[in-house]
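S.K.: Dropping in upload_18.cif, which is mmCIF, C-alpha atoms:
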data_data
#
loop_
_atom_site.label_atom_id
_atom_site.label_comp_id
_atom_site.auth_asym_id
_atom_site.auth_seq_id
_atom_site.Cartn_x
_atom_site.Cartn_y
_atom_site.Cartn_z
CA MET A 126 -8.40 -88.81 22.12
CA ARG A 127 -9.69 -92.36 21.66
CA LEU A 128 -12.78 -91.53 23.80
CA CYS A 129 -13.53 -88.50 21.66
CA PHE A 130 -13.31 -90.61 18.52
CA ARG A 131 -15.63 -93.24 20.00
CA SER A 132 -18.07 -90.53 21.04
CA PHE A 133 -17.99 -89.14 17.52
CA LEU A 134 -18.74 -92.57 16.07
CA LEU A 135 -21.66 -93.04 18.44
CA VAL A 136 -23.12 -89.65 17.52
CA MET A 137 -22.78 -90.36 13.79
CA LEU A 138 -24.38 -93.78 14.21
CA ALA A 139 -27.31 -92.22 16.06
CA VAL A 140 -27.77 -89.62 13.32
CA MET A 141 -27.75 -92.34 10.63
CA ILE A 142 -30.30 -94.40 12.52
CA LEU A 143 -32.57 -91.37 13.00
CA ALA A 144 -32.24 -90.46 9.34
CA GLY A 145 -33.15 -93.98 8.34
CA CYS A 146 -36.19 -93.93 10.62
CA THR A 147 -37.29 -90.57 9.21
CA ASP A 148 -37.06 -91.81 5.62
CA GLU A 149 -38.96 -94.97 6.48
CA GLU A 150 -41.70 -93.03 8.28
CA THR A 151 -42.06 -90.65 5.31
CA GLU A 152 -42.37 -93.52 2.87
CA VAL A 153 -44.99 -95.30 4.99
CA SER A 154 -46.95 -92.07 5.39
CA SER A 155 -46.93 -91.57 1.63
CA LYS A 156 -48.07 -95.13 1.00
CA ASP A 157 -50.80 -94.85 3.61
CA ASN A 158 -51.99 -91.62 2.02
CA GLU A 159 -52.40 -93.22 -1.38
CA GLY A 160 -53.40 -96.67 -0.31
CA SER A 161 -56.29 -96.06 2.04
CA GLY A 162 -59.53 -95.86 0.07
CA ASN A 163 -57.62 -95.50 -3.22
CA GLN A 164 -56.56 -92.01 -2.17
CA VAL A 165 -54.26 -90.38 -4.77
CA THR A 166 -52.14 -87.26 -4.46
CA LEU A 167 -51.23 -85.35 -7.62
CA THR A 168 -48.26 -83.01 -7.40
CA VAL A 169 -48.84 -79.88 -9.50
CA TYR A 170 -46.24 -77.16 -10.16
CA SER A 171 -47.26 -73.79 -11.62
CA THR A 172 -45.62 -70.45 -12.40
CA VAL A 173 -48.66 -68.32 -11.51
CA SER A 174 -47.18 -65.54 -9.45
CA ASN A 175 -49.41 -62.72 -8.28
CA GLU A 176 -52.14 -63.16 -5.69
CA ALA A 177 -55.08 -62.85 -8.10
CA GLU A 178 -53.66 -65.56 -10.37
CA GLN A 179 -52.92 -67.86 -7.47
CA ASN A 180 -56.38 -67.43 -6.00
CA ALA A 181 -57.98 -68.34 -9.33
CA VAL A 182 -55.96 -71.54 -9.57
CA LYS A 183 -56.47 -72.43 -5.90
CA LYS A 184 -60.25 -72.08 -6.26
CA VAL A 185 -60.47 -74.45 -9.20
CA VAL A 186 -58.21 -76.91 -7.33
CA ASN A 187 -60.52 -76.77 -4.30
CA ASP A 188 -63.58 -77.29 -6.49
CA PHE A 189 -61.95 -80.31 -8.12
CA GLU A 190 -61.06 -81.87 -4.77
CA LYS A 191 -64.64 -81.43 -3.54
CA GLU A 192 -65.97 -83.21 -6.60
CA ASN A 193 -63.23 -85.86 -6.48
CA PRO A 194 -62.60 -86.59 -2.78
CA HIS A 195 -60.30 -89.49 -3.60
CA ILE A 196 -57.84 -87.14 -5.38
CA ARG A 197 -55.77 -84.57 -3.52
CA ILE A 198 -53.88 -81.81 -5.38
CA ASN A 199 -50.53 -80.85 -3.88
CA LEU A 200 -50.17 -77.39 -5.48
CA ASN A 201 -46.67 -75.90 -5.59
CA LEU A 202 -46.03 -72.25 -6.55
CA PRO A 203 -42.24 -71.75 -6.32
CA GLY A 204 -42.19 -68.28 -7.90
CA GLN A 205 -38.73 -67.28 -9.14
CA ASP A 206 -37.33 -70.68 -8.12
CA TYR A 207 -39.66 -72.53 -10.49
CA GLU A 208 -37.25 -73.00 -13.37
CA SER A 209 -34.32 -74.09 -11.21
CA GLN A 210 -36.49 -76.61 -9.37
CA LEU A 211 -37.85 -78.07 -12.60
CA ARG A 212 -34.37 -78.35 -14.10
CA ILE A 213 -33.23 -80.37 -11.09
CA ARG A 214 -36.24 -82.65 -11.39
CA MET A 215 -35.69 -83.04 -15.15
CA ALA A 216 -32.10 -84.10 -14.52
CA ALA A 217 -33.35 -86.72 -12.08
CA ASN A 218 -36.19 -87.74 -14.44
CA ASP A 219 -38.60 -87.21 -11.56
CA LEU A 220 -41.05 -84.53 -12.60
CA PRO A 221 -44.34 -83.52 -10.93
CA ASP A 222 -47.47 -85.28 -12.13
CA LEU A 223 -48.53 -82.03 -13.80
CA PHE A 224 -46.33 -79.00 -14.42
CA ASP A 225 -46.32 -75.63 -16.16
CA THR A 226 -44.26 -75.55 -19.36
CA HIS A 227 -44.26 -71.69 -19.25
CA GLY A 228 -43.37 -71.20 -22.91
CA TRP A 229 -41.31 -74.34 -23.44
CA ALA A 230 -43.91 -77.04 -24.12
CA LYS A 231 -41.94 -78.44 -27.06
CA ASN A 232 -38.37 -77.21 -26.92
CA ARG A 233 -37.51 -77.78 -23.25
CA TYR A 234 -40.08 -80.13 -21.77
CA GLY A 235 -41.30 -81.99 -24.87
CA GLU A 236 -39.60 -85.31 -24.17
CA TYR A 237 -41.06 -85.39 -20.65
CA THR A 238 -44.70 -84.73 -21.57
CA MET A 239 -47.55 -87.12 -22.23
CA ASP A 240 -49.32 -86.92 -25.58
CA LEU A 241 -52.76 -85.42 -24.89
CA ARG A 242 -54.19 -85.63 -28.41
CA ASP A 243 -57.00 -88.00 -27.38
CA MET A 244 -58.49 -85.64 -24.78
CA ASP A 245 -61.85 -84.05 -25.59
CA TRP A 246 -60.75 -80.46 -24.95
CA VAL A 247 -58.25 -80.56 -27.84
CA GLU A 248 -61.04 -79.84 -30.34
CA HIS A 249 -61.55 -76.50 -28.56
CA LEU A 250 -57.87 -75.45 -28.61
CA ASP A 251 -57.61 -71.89 -29.92
CA PRO A 252 -56.19 -72.10 -33.49
CA THR A 253 -53.57 -69.45 -32.64
CA LEU A 254 -52.03 -71.91 -30.17
CA GLU A 255 -51.92 -74.96 -32.43
CA GLN A 256 -48.39 -74.32 -33.70
CA ILE A 257 -47.22 -74.02 -30.10
CA PHE A 258 -48.88 -77.09 -28.58
CA ILE A 259 -49.14 -79.52 -31.51
CA ASP A 260 -46.21 -80.87 -33.54
CA GLU A 261 -46.13 -82.17 -37.11
CA LYS A 262 -46.93 -85.68 -35.90
CA GLY A 263 -50.02 -84.51 -34.03
CA LYS A 264 -48.70 -84.78 -30.49
CA VAL A 265 -50.39 -82.36 -28.07
CA TYR A 266 -47.90 -81.28 -25.42
CA ALA A 267 -49.87 -79.35 -22.79
CA TYR A 268 -53.18 -77.83 -21.73
CA PRO A 269 -53.37 -73.98 -21.92
CA LEU A 270 -54.78 -72.30 -18.83
CA ASN A 271 -54.70 -69.03 -20.81
CA GLN A 272 -52.75 -67.40 -23.60
CA ALA A 273 -50.47 -64.41 -23.73
CA MET A 274 -50.61 -61.36 -25.98
CA ASP A 275 -47.79 -59.16 -24.77
CA GLY A 276 -46.90 -55.67 -25.87
CA LEU A 277 -46.75 -52.59 -23.68
CA THR A 278 -49.13 -51.32 -21.00
CA TYR A 279 -49.77 -47.57 -20.89
CA ASN A 280 -51.63 -45.07 -18.74
CA LYS A 281 -54.54 -44.02 -20.93
CA GLN A 282 -55.14 -40.74 -19.08
CA ILE A 283 -51.54 -39.60 -19.49
CA LEU A 284 -51.63 -40.12 -23.24
CA GLU A 285 -54.97 -38.29 -23.49
CA ASP A 286 -53.77 -35.38 -21.31
CA TYR A 287 -50.72 -34.86 -23.50
CA ASN A 288 -52.56 -35.49 -26.78
CA ILE A 289 -50.42 -38.52 -27.64
CA GLU A 290 -51.68 -41.14 -30.09
CA VAL A 291 -50.85 -44.74 -29.27
CA PRO A 292 -47.50 -45.20 -31.08
CA GLU A 293 -47.33 -47.71 -33.92
CA THR A 294 -43.63 -47.31 -34.77
CA PHE A 295 -40.49 -47.17 -32.66
CA GLU A 296 -39.85 -43.60 -33.83
CA GLU A 297 -43.34 -42.56 -32.64
CA PHE A 298 -42.70 -44.36 -29.37
CA MET A 299 -39.50 -42.37 -28.76
CA GLN A 300 -41.33 -39.13 -29.58
CA SER A 301 -44.08 -40.06 -27.10
CA LEU A 302 -41.52 -40.61 -24.33
CA GLU A 303 -39.91 -37.23 -24.97
CA THR A 304 -43.30 -35.48 -24.95
CA ILE A 305 -44.21 -37.05 -21.61
CA LYS A 306 -40.89 -36.08 -20.05
CA GLU A 307 -41.22 -32.48 -21.26
CA LYS A 308 -44.90 -31.90 -20.43
CA SER A 309 -44.78 -33.62 -17.03
CA ASP A 310 -41.65 -31.69 -15.96
CA GLY A 311 -40.07 -35.01 -15.03
CA GLU A 312 -42.88 -35.94 -12.62
CA ILE A 313 -43.83 -38.97 -14.71
CA ALA A 314 -41.47 -41.75 -15.74
CA PRO A 315 -42.06 -42.11 -19.49
CA PHE A 316 -40.79 -45.71 -19.62
CA TRP A 317 -40.35 -47.62 -16.35
CA PHE A 318 -38.07 -50.59 -15.65
CA ASP A 319 -37.58 -52.56 -12.43
CA GLY A 320 -33.89 -52.85 -13.22
CA SER A 321 -32.83 -54.38 -9.91
CA THR A 322 -33.86 -57.66 -11.56
CA THR A 323 -33.24 -58.80 -15.12
CA THR A 324 -36.89 -59.40 -16.03
CA SER A 325 -38.00 -56.12 -17.59
CA PHE A 326 -34.75 -55.68 -19.53
CA GLY A 327 -35.23 -59.21 -20.80
CA GLN A 328 -38.77 -58.28 -21.87
CA TYR A 329 -37.46 -55.23 -23.75
CA TYR A 330 -34.86 -57.13 -25.74
CA ASP A 331 -37.05 -60.17 -26.27
CA GLN A 332 -40.15 -58.36 -27.48
CA PHE A 333 -38.43 -55.74 -29.64
CA ALA A 334 -36.15 -58.36 -31.23
CA THR A 335 -39.13 -59.67 -33.20
CA PRO A 336 -39.90 -56.47 -35.17
CA LEU A 337 -36.16 -55.84 -35.48
CA LEU A 338 -35.12 -59.24 -36.79
CA ILE A 339 -38.17 -61.24 -37.86
CA THR A 340 -41.34 -59.55 -39.13
CA HIS A 341 -40.10 -57.28 -41.95
CA PRO A 342 -39.30 -59.22 -45.13
CA ASP A 343 -36.14 -57.18 -45.77
CA HIS A 344 -34.89 -57.77 -42.23
CA ASP A 345 -35.89 -61.37 -41.69
CA TYR A 346 -33.05 -63.28 -40.03
CA ARG A 347 -34.98 -66.31 -38.78
CA ASP A 348 -33.09 -68.79 -40.99
CA GLU A 349 -29.70 -67.43 -39.90
CA LEU A 350 -30.75 -67.51 -36.24
CA LEU A 351 -31.89 -71.11 -36.54
CA ASN A 352 -28.85 -72.39 -38.43
CA GLY A 353 -26.22 -70.54 -36.40
CA THR A 354 -25.00 -68.09 -39.06
CA PHE A 355 -26.54 -64.87 -37.69
CA ASP A 356 -23.78 -62.25 -37.29
CA TRP A 357 -25.64 -60.21 -34.59
CA GLU A 358 -24.61 -56.76 -35.82
CA PRO A 359 -28.26 -55.59 -36.34
CA TYR A 360 -29.04 -56.45 -32.68
CA THR A 361 -26.96 -53.43 -31.57
CA PHE A 362 -29.89 -51.14 -32.44
CA LEU A 363 -31.83 -52.21 -29.35
CA SER A 364 -28.97 -51.38 -26.98
CA GLU A 365 -28.28 -48.06 -28.70
CA LYS A 366 -31.91 -47.04 -28.24
CA LEU A 367 -32.11 -48.23 -24.64
CA LEU A 368 -28.95 -46.27 -23.79
CA GLU A 369 -30.33 -43.22 -25.62
CA MET A 370 -33.50 -43.40 -23.52
CA HIS A 371 -31.39 -43.56 -20.35
CA GLU A 372 -29.16 -40.64 -21.32
CA LYS A 373 -32.20 -38.52 -22.25
CA ASP A 374 -33.92 -39.31 -18.91
CA LEU A 375 -36.76 -41.10 -20.64
CA LEU A 376 -36.46 -43.98 -18.17
CA ASN A 377 -37.07 -43.82 -14.42
CA ILE A 378 -34.14 -42.22 -12.60
CA ASP A 379 -33.73 -45.26 -10.36
CA VAL A 380 -33.85 -47.66 -13.30
CA LEU A 381 -31.04 -49.88 -11.99
CA THR A 382 -32.31 -50.10 -8.41
CA ALA A 383 -36.12 -50.03 -8.85
CA ARG A 384 -37.87 -53.12 -7.52
CA THR A 385 -40.80 -54.99 -8.99
CA TYR A 386 -43.16 -54.36 -6.08
CA GLU A 387 -42.87 -50.58 -6.64
CA GLN A 388 -44.40 -50.79 -10.10
CA ASN A 389 -48.04 -51.27 -9.09
CA GLN A 390 -48.00 -48.40 -6.59
CA LEU A 391 -46.44 -46.01 -9.09
CA ILE A 392 -48.82 -46.97 -11.89
CA ALA A 393 -51.79 -46.49 -9.56
CA GLN A 394 -50.45 -43.05 -8.62
CA GLY A 395 -50.18 -42.02 -12.28
CA LYS A 396 -46.38 -41.82 -12.11
CA ILE A 397 -45.66 -44.21 -15.02
CA ALA A 398 -46.64 -43.83 -18.67
CA PHE A 399 -45.38 -47.09 -20.27
CA VAL A 400 -44.13 -50.45 -19.00
CA MET A 401 -42.76 -53.35 -21.03
CA ARG A 402 -45.35 -55.98 -20.06
CA THR A 403 -49.06 -56.57 -19.63
CA VAL A 404 -49.82 -55.39 -16.10
CA PRO A 405 -52.31 -57.36 -13.94
CA ILE A 406 -55.13 -54.83 -13.82
CA ASN A 407 -56.90 -56.34 -10.79
CA VAL A 408 -54.00 -55.39 -8.52
CA ILE A 409 -53.85 -51.81 -9.87
CA LYS A 410 -57.63 -51.32 -9.56
CA GLU A 411 -57.48 -52.25 -5.90
CA LEU A 412 -55.03 -49.40 -5.35
CA ASN A 413 -56.82 -46.92 -7.61
CA PRO A 414 -60.30 -47.88 -8.86
CA ASP A 415 -60.31 -44.91 -11.27
CA ILE A 416 -57.13 -45.82 -13.11
CA GLU A 417 -57.49 -46.50 -16.83
CA LEU A 418 -54.78 -48.57 -18.52
CA GLY A 419 -54.45 -49.70 -22.09
CA VAL A 420 -52.38 -52.32 -23.86
CA MET A 421 -50.78 -51.98 -27.27
CA PRO A 422 -48.80 -54.22 -29.62
CA VAL A 423 -45.03 -53.83 -29.90
CA PRO A 424 -44.33 -50.93 -32.30
CA ALA A 425 -42.80 -51.65 -35.70
CA ILE A 426 -39.13 -50.78 -36.14
CA HIS A 427 -38.64 -50.88 -39.91
CA GLN A 428 -40.50 -48.62 -42.31
CA GLY A 429 -43.50 -50.30 -43.88
CA ASP A 430 -43.85 -52.94 -41.16
CA SER A 431 -46.82 -53.33 -38.78
CA PRO A 432 -46.90 -53.66 -34.97
CA SER A 433 -46.78 -57.16 -33.46
CA TRP A 434 -48.28 -58.94 -30.50
CA ILE A 435 -45.72 -61.16 -28.81
CA GLY A 436 -47.15 -64.17 -27.11
CA GLY A 437 -48.68 -67.60 -27.29
CA GLU A 438 -48.02 -69.93 -24.40
CA ARG A 439 -48.29 -68.42 -20.91
CA HIS A 440 -49.60 -70.67 -18.11
CA THR A 441 -50.11 -74.34 -18.95
CA LEU A 442 -50.28 -77.81 -17.45
CA ALA A 443 -48.52 -80.76 -19.02
CA ILE A 444 -48.74 -84.30 -17.70
CA TRP A 445 -45.45 -86.04 -16.98
CA LYS A 446 -45.25 -89.04 -19.31
CA ASP A 447 -44.16 -91.29 -16.42
CA THR A 448 -46.70 -90.15 -13.86
CA PRO A 449 -47.99 -93.07 -11.77
CA HIS A 450 -51.46 -91.49 -11.91
CA PRO A 451 -52.26 -90.76 -15.58
CA GLU A 452 -56.04 -91.18 -15.31
CA GLU A 453 -56.31 -88.89 -12.31
CA ALA A 454 -54.10 -86.30 -14.00
CA LYS A 455 -56.29 -86.39 -17.12
CA ALA A 456 -59.38 -86.08 -14.93
CA PHE A 457 -57.96 -82.83 -13.54
CA LEU A 458 -57.39 -81.45 -17.05
CA ASP A 459 -60.91 -82.50 -18.05
CA PHE A 460 -62.22 -80.56 -15.06
CA LEU A 461 -60.18 -77.49 -16.01
CA SER A 462 -61.51 -77.65 -19.57
CA ARG A 463 -65.14 -77.18 -18.54
CA PRO A 464 -66.32 -73.82 -19.93
CA GLU A 465 -67.02 -72.34 -16.49
CA ASN A 466 -63.51 -73.23 -15.31
CA VAL A 467 -61.86 -72.07 -18.54
CA LYS A 468 -63.55 -68.70 -18.05
CA ALA A 469 -62.77 -68.46 -14.33
CA VAL A 470 -59.05 -69.19 -14.67
CA ALA A 471 -58.60 -66.87 -17.66
CA GLU A 472 -60.38 -64.02 -15.88
CA GLY A 473 -58.42 -64.65 -12.70
CA THR A 474 -55.18 -64.29 -14.64
CA SER A 475 -56.47 -61.29 -16.71
CA LEU A 476 -55.63 -63.10 -19.95
CA SER A 477 -57.57 -64.58 -22.84
CA ALA A 478 -58.72 -68.17 -22.61
CA GLY A 479 -56.72 -70.88 -24.35
CA LEU A 480 -59.86 -72.79 -25.42
CA THR A 481 -62.67 -71.55 -27.64
CA ASN A 482 -65.48 -73.07 -25.56
CA ALA A 483 -65.52 -70.01 -23.28
CA LYS A 484 -64.71 -66.31 -23.57
CA ALA A 485 -63.14 -64.51 -20.66
CA ASP A 486 -64.58 -61.18 -19.60
CA ILE A 487 -61.29 -59.42 -18.96
CA TYR A 488 -60.41 -55.75 -18.69
CA TYR A 489 -58.06 -55.72 -21.68
CA GLN A 490 -60.37 -57.60 -24.07
CA PRO A 491 -61.47 -54.41 -25.93
CA TYR A 492 -57.82 -53.77 -26.77
CA PHE A 493 -57.27 -57.33 -27.94
CA ASP A 494 -60.39 -56.98 -30.08
CA LYS A 495 -59.21 -53.65 -31.45
CA TYR A 496 -55.95 -55.21 -32.64
CA LYS A 497 -57.40 -58.60 -33.56
CA GLU A 498 -56.00 -58.40 -37.11
CA ILE A 499 -52.43 -58.12 -35.83
CA VAL A 500 -50.43 -61.33 -35.95
CA VAL A 501 -49.32 -62.88 -32.66
CA GLU A 502 -45.63 -63.71 -32.98
CA PRO A 503 -44.01 -66.28 -30.66
CA TYR A 504 -41.57 -65.08 -28.02
CA PHE A 505 -38.22 -64.52 -29.70
CA ASP A 506 -36.06 -66.35 -27.17
CA ARG A 507 -38.25 -69.46 -27.19
CA ILE A 508 -37.84 -69.99 -30.93
CA TYR A 509 -34.55 -68.46 -32.02
CA LEU A 510 -32.17 -68.60 -29.06
CA PRO A 511 -30.61 -71.86 -27.80
CA ASN A 512 -31.73 -72.60 -24.25
CA GLY A 513 -33.65 -69.33 -24.26
CA MET A 514 -30.75 -67.07 -23.20
CA TRP A 515 -33.23 -65.12 -21.09
CA LYS A 516 -30.79 -64.35 -18.28
CA PRO A 517 -27.99 -63.04 -20.56
CA MET A 518 -30.51 -60.75 -22.28
CA GLY A 519 -31.71 -59.30 -18.99
CA MET A 520 -28.23 -58.96 -17.51
CA SER A 521 -26.97 -57.16 -20.60
CA GLY A 522 -29.51 -54.39 -19.98
CA GLN A 523 -28.14 -53.89 -16.48
CA GLU A 524 -24.54 -53.93 -17.73
CA LEU A 525 -25.36 -51.47 -20.52
CA LEU A 526 -26.98 -48.84 -18.30
CA SER A 527 -24.38 -49.22 -15.56
CA GLY A 528 -21.62 -48.51 -18.10
CA ALA A 529 -20.04 -51.95 -17.87
CA LEU A 530 -20.83 -52.68 -21.53
CA SER A 531 -21.27 -50.54 -24.64
CA PRO A 532 -24.07 -51.29 -27.13
CA LYS A 533 -21.56 -53.17 -29.29
CA GLY A 534 -20.29 -54.92 -26.18
CA VAL A 535 -23.80 -56.17 -25.45
CA THR A 536 -24.05 -57.51 -28.98
CA GLN A 537 -20.68 -59.25 -28.72
CA LYS A 538 -21.66 -60.83 -25.41
CA MET A 539 -24.94 -62.09 -26.86
CA LYS A 540 -23.16 -63.43 -29.92
CA SER A 541 -20.56 -65.30 -27.85
CA GLU A 542 -23.21 -66.82 -25.57
CA TYR A 543 -25.38 -67.72 -28.55
CA LEU A 544 -22.55 -69.51 -30.33
CA ARG A 545 -21.49 -71.32 -27.16
CA LEU A 546 -24.99 -72.60 -26.46
CA PHE A 547 -25.69 -73.30 -30.12
CA GLU A 548 -22.64 -75.51 -30.34
CA GLN A 549 -23.59 -77.15 -27.06
CA ALA A 550 -27.27 -77.77 -27.82
CA GLY A 551 -28.03 -76.65 -31.35
CA PHE A 552 -31.43 -76.86 -32.99
CA ASP A 553 -33.12 -79.82 -34.57
#
Could I get this structure in the form of C-alpha cells?
M.R.:
Amino acid sequence: MRLCFRSFLLVMLAVMILAGCTDEETEVSSKDNEGSGNQVTLTVYSTVSNEAEQNAVKKVVNDFEKENPHIRINLNLPGQDYESQLRIRMAANDLPDLFDTHGWAKNRYGEYTMDLRDMDWVEHLDPTLEQIFIDEKGKVYAYPLNQAMDGLTYNKQILEDYNIEVPETFEEFMQSLETIKEKSDGEIAPFWFDGSTTTSFGQYYDQFATPLLITHPDHDYRDELLNGTFDWEPYTFLSEKLLEMHEKDLLNIDVLTARTYEQNQLIAQGKIAFVMRTVPINVIKELNPDIELGVMPVPAIHQGDSPSWIGGERHTLAIWKDTPHPEEAKAFLDFLSRPENVKAVAEGTSLSAGLTNAKADIYYQPYFDKYKEIVVEPYFDRIYLPNGMWKPMGMSGQELLSGALSPKGVTQKMKSEYLRLFEQAGFD
C-alpha cells in the first residue's frame, strides 16, 4: 500500500514538472515571437460564420500581413461558441486585441472597448450607425465591417407565379402564406424555420416585436420596457400567430427538427417561400444560378403603421482598451477602412458597407434602395431586453410548437425572465 502511494506521488510530481515545463516553453515561444524583429501578434475574434464571409475577412487579413510583415493576425472564428468564449474572457478581463461586438458595442462590451473617435475613418461612418457606435459623450465604440438591414427573404419566382404582392402588413403576410400552401398543394413550405436550434424562432420574436411594441404611436411601449413596468400581455400576439401558422400547416412540417444546413438546399430547389432572415445569396447562387430572391422589411402589425427594417450593427471590430498593441490594432482598422477594403468586405458578407467612402455592389442593393425611405429600427433585444434574452426567446418558440407552453405561457415565461434579469442588471 505504501509503495502504491509513493508511486502515485512520483507520477503526480512528474506531471507537475512536465506541466511547468510546458507553460514555460509556451511563454518563451510567445516572447520570442513578439520580440524578434519587433514582431507583433494581434488576436482577432469574429462572428463571421459562412464560408463566403470568412473568405472575405481572411483575404483582407492576408493582404494586411503582406503589407505589414512585422504584424501577424491570429484570426479566430469560434462560430456558435463565440459568445460563451467572450463572456469567459470578459470575466477574466483578458479580451482579444480586437473583437466583434456583434450588436452589443455599447451595452455589453462598452466598458472593455477603446475610444476610437480620433481615427480618420470616423468621418465616413454611415449616419444610420451613429446612434449605435457613438454615445452622448462622443466615444466611438467599434469599427463597422458592414451593417445589417434585416427583414424577410422570399423566393421572387414563387410570389410571381402565384400573383402575390410583397406583403406590407402582417395580415397580408398571413394571406400570402395561405395562398402558397393552397396553390402549391403543400409542395412548398410557405414559412420555413430551422427549429432544431433556437435561432430562427429568436429572429421571429425579435424582429416582429418591433412593429408590435415600438413603431406605432398607439402601441409604443419603449418607456415601459426600459423602466421595468411593461406588463407583457400584448406580446402574446406573436405566439398566437406562430401557433396559428403551425396548426394551419403554413410552416414546414419538420419545423421542430429541421436543421440550418438544410435551408440553402431547399431554397435553391424552390421549396421555400419565406425565411425570417437575410439569406447569403452567394451560397444559394452556387447551388442554383437561376434562383431569384428578394428581401423585404418586416410587415407592419398595427393599422396605419409602416413596415420596418430591423438592423444596425452586424459584424464589427472593437479594440480592447487594455491591448498591449494599440498602435498595431489601429493600423489594422486603418487598413480595413480603405475604400477598396470596405467594398470587398461588405460584398463578401452580402451586406451594405458601414462607411460612406465606398458602396458595395451586392445582390440585395436594389431592394435596399427600393425601401430606402423606411426607417431602420435597432434589434429589439439589444435595446429593450436586459442581457438580450435571446435564448429564452428562441426556446419559447420550440416550447410553444411542441405543446409544452401555450401562447400565454410563453408570455409569462418571458415576463418572469425579464423581471429576473431586470432586477439583476437593470438599465442605466
S.K.: Please report as CSV every residue of segment 409-431 of chain A lying within 12 Å of segment 501-506 of chain A, along with the nearest atom pair and their distance in Å (one decimal), using all atoms listed in the file.
M.R.:
residue,atom,partner,partner_atom,distance
A:Pro422,CA,A:Val501,CA,9.2
A:Val423,CA,A:Glu502,CA,10.4
A:Ser431,CA,A:Val501,CA,11.6
S.K.: Could you give me, as a tab-separated table, every segment 428-517 of chain A residue with an atom at most 6 Å from segment 232-243 of chain A, plus its closest atom pair and distance in Å to one decimal, counting all atoms listed in the file, rows ordered by chain then number?
M.R.:
residue	atom	partner	partner_atom	distance
A:Ile444	CA	A:Met239	CA	5.5
A:Trp445	CA	A:Thr238	CA	4.8
A:Lys446	CA	A:Met239	CA	4.2
S.K.: Can you find the residues with an atom no farther than 12 Å from (-54.2, -50.4, -9.4), counting only C-alpha atoms, and report them as a list of chain:residue names?
M.R.: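 So the residues meeting the distance criterion are A:Asn280, A:Glu387, A:Gln388, A:Asn389, A:Gln390, A:Leu391, A:Ile392, A:Ala393, A:Gln394, A:Gly395, A:Lys396, A:Ile397, A:Val404, A:Pro405, A:Ile406, A:Asn407, A:Val408, A:Ile409, A:Lys410, A:Glu411, A:Leu412, A:Asn413, A:Pro414, A:Asp415, A:Ile416, A:Glu417, A:Leu418.
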S.K.: Given the choices A:Gly311, A:Pro359, A:Pro424, A:Pro511, which gets closest to Val535 of chain A if the distance is worked out from all atoms listed in the file?
M.R.: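 Ranking A:Gly311, A:Pro359, A:Pro424, A:Pro511 by distance to Val535 of chain A, first place goes to A:Pro359.
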S.K.: Contacts of segment 162-171 of chain A at 7 Å or less, counting only C-alpha atoms, minus same-chain residues fewer than 2 places along, as a PDB file with C-alpha atoms, in the coordinates of the input?
M.R.:
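Final file, selection-v3.pdb:
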ATOM      1  CA  ASN A 158     -51.990 -91.620   2.020  1.00  0.00           C
ATOM      2  CA  GLU A 159     -52.400 -93.220  -1.380  1.00  0.00           C
ATOM      3  CA  GLY A 160     -53.400 -96.670  -0.310  1.00  0.00           C
ATOM      4  CA  VAL A 173     -48.660 -68.320 -11.510  1.00  0.00           C
ATOM      5  CA  HIS A 195     -60.300 -89.490  -3.600  1.00  0.00           C
ATOM      6  CA  ILE A 196     -57.840 -87.140  -5.380  1.00  0.00           C
ATOM      7  CA  ARG A 197     -55.770 -84.570  -3.520  1.00  0.00           C
ATOM      8  CA  ILE A 198     -53.880 -81.810  -5.380  1.00  0.00           C
ATOM      9  CA  ASN A 199     -50.530 -80.850  -3.880  1.00  0.00           C
ATOM     10  CA  LEU A 200     -50.170 -77.390  -5.480  1.00  0.00           C
ATOM     11  CA  ASN A 201     -46.670 -75.900  -5.590  1.00  0.00           C
ATOM     12  CA  LEU A 202     -46.030 -72.250  -6.550  1.00  0.00           C
ATOM     13  CA  PRO A 221     -44.340 -83.520 -10.930  1.00  0.00           C
ATOM     14  CA  ASP A 222     -47.470 -85.280 -12.130  1.00  0.00           C
ATOM     15  CA  LEU A 223     -48.530 -82.030 -13.800  1.00  0.00           C
ATOM     16  CA  PHE A 224     -46.330 -79.000 -14.420  1.00  0.00           C
ATOM     17  CA  ASP A 225     -46.320 -75.630 -16.160  1.00  0.00           C
TER      18      ASP A 225
END
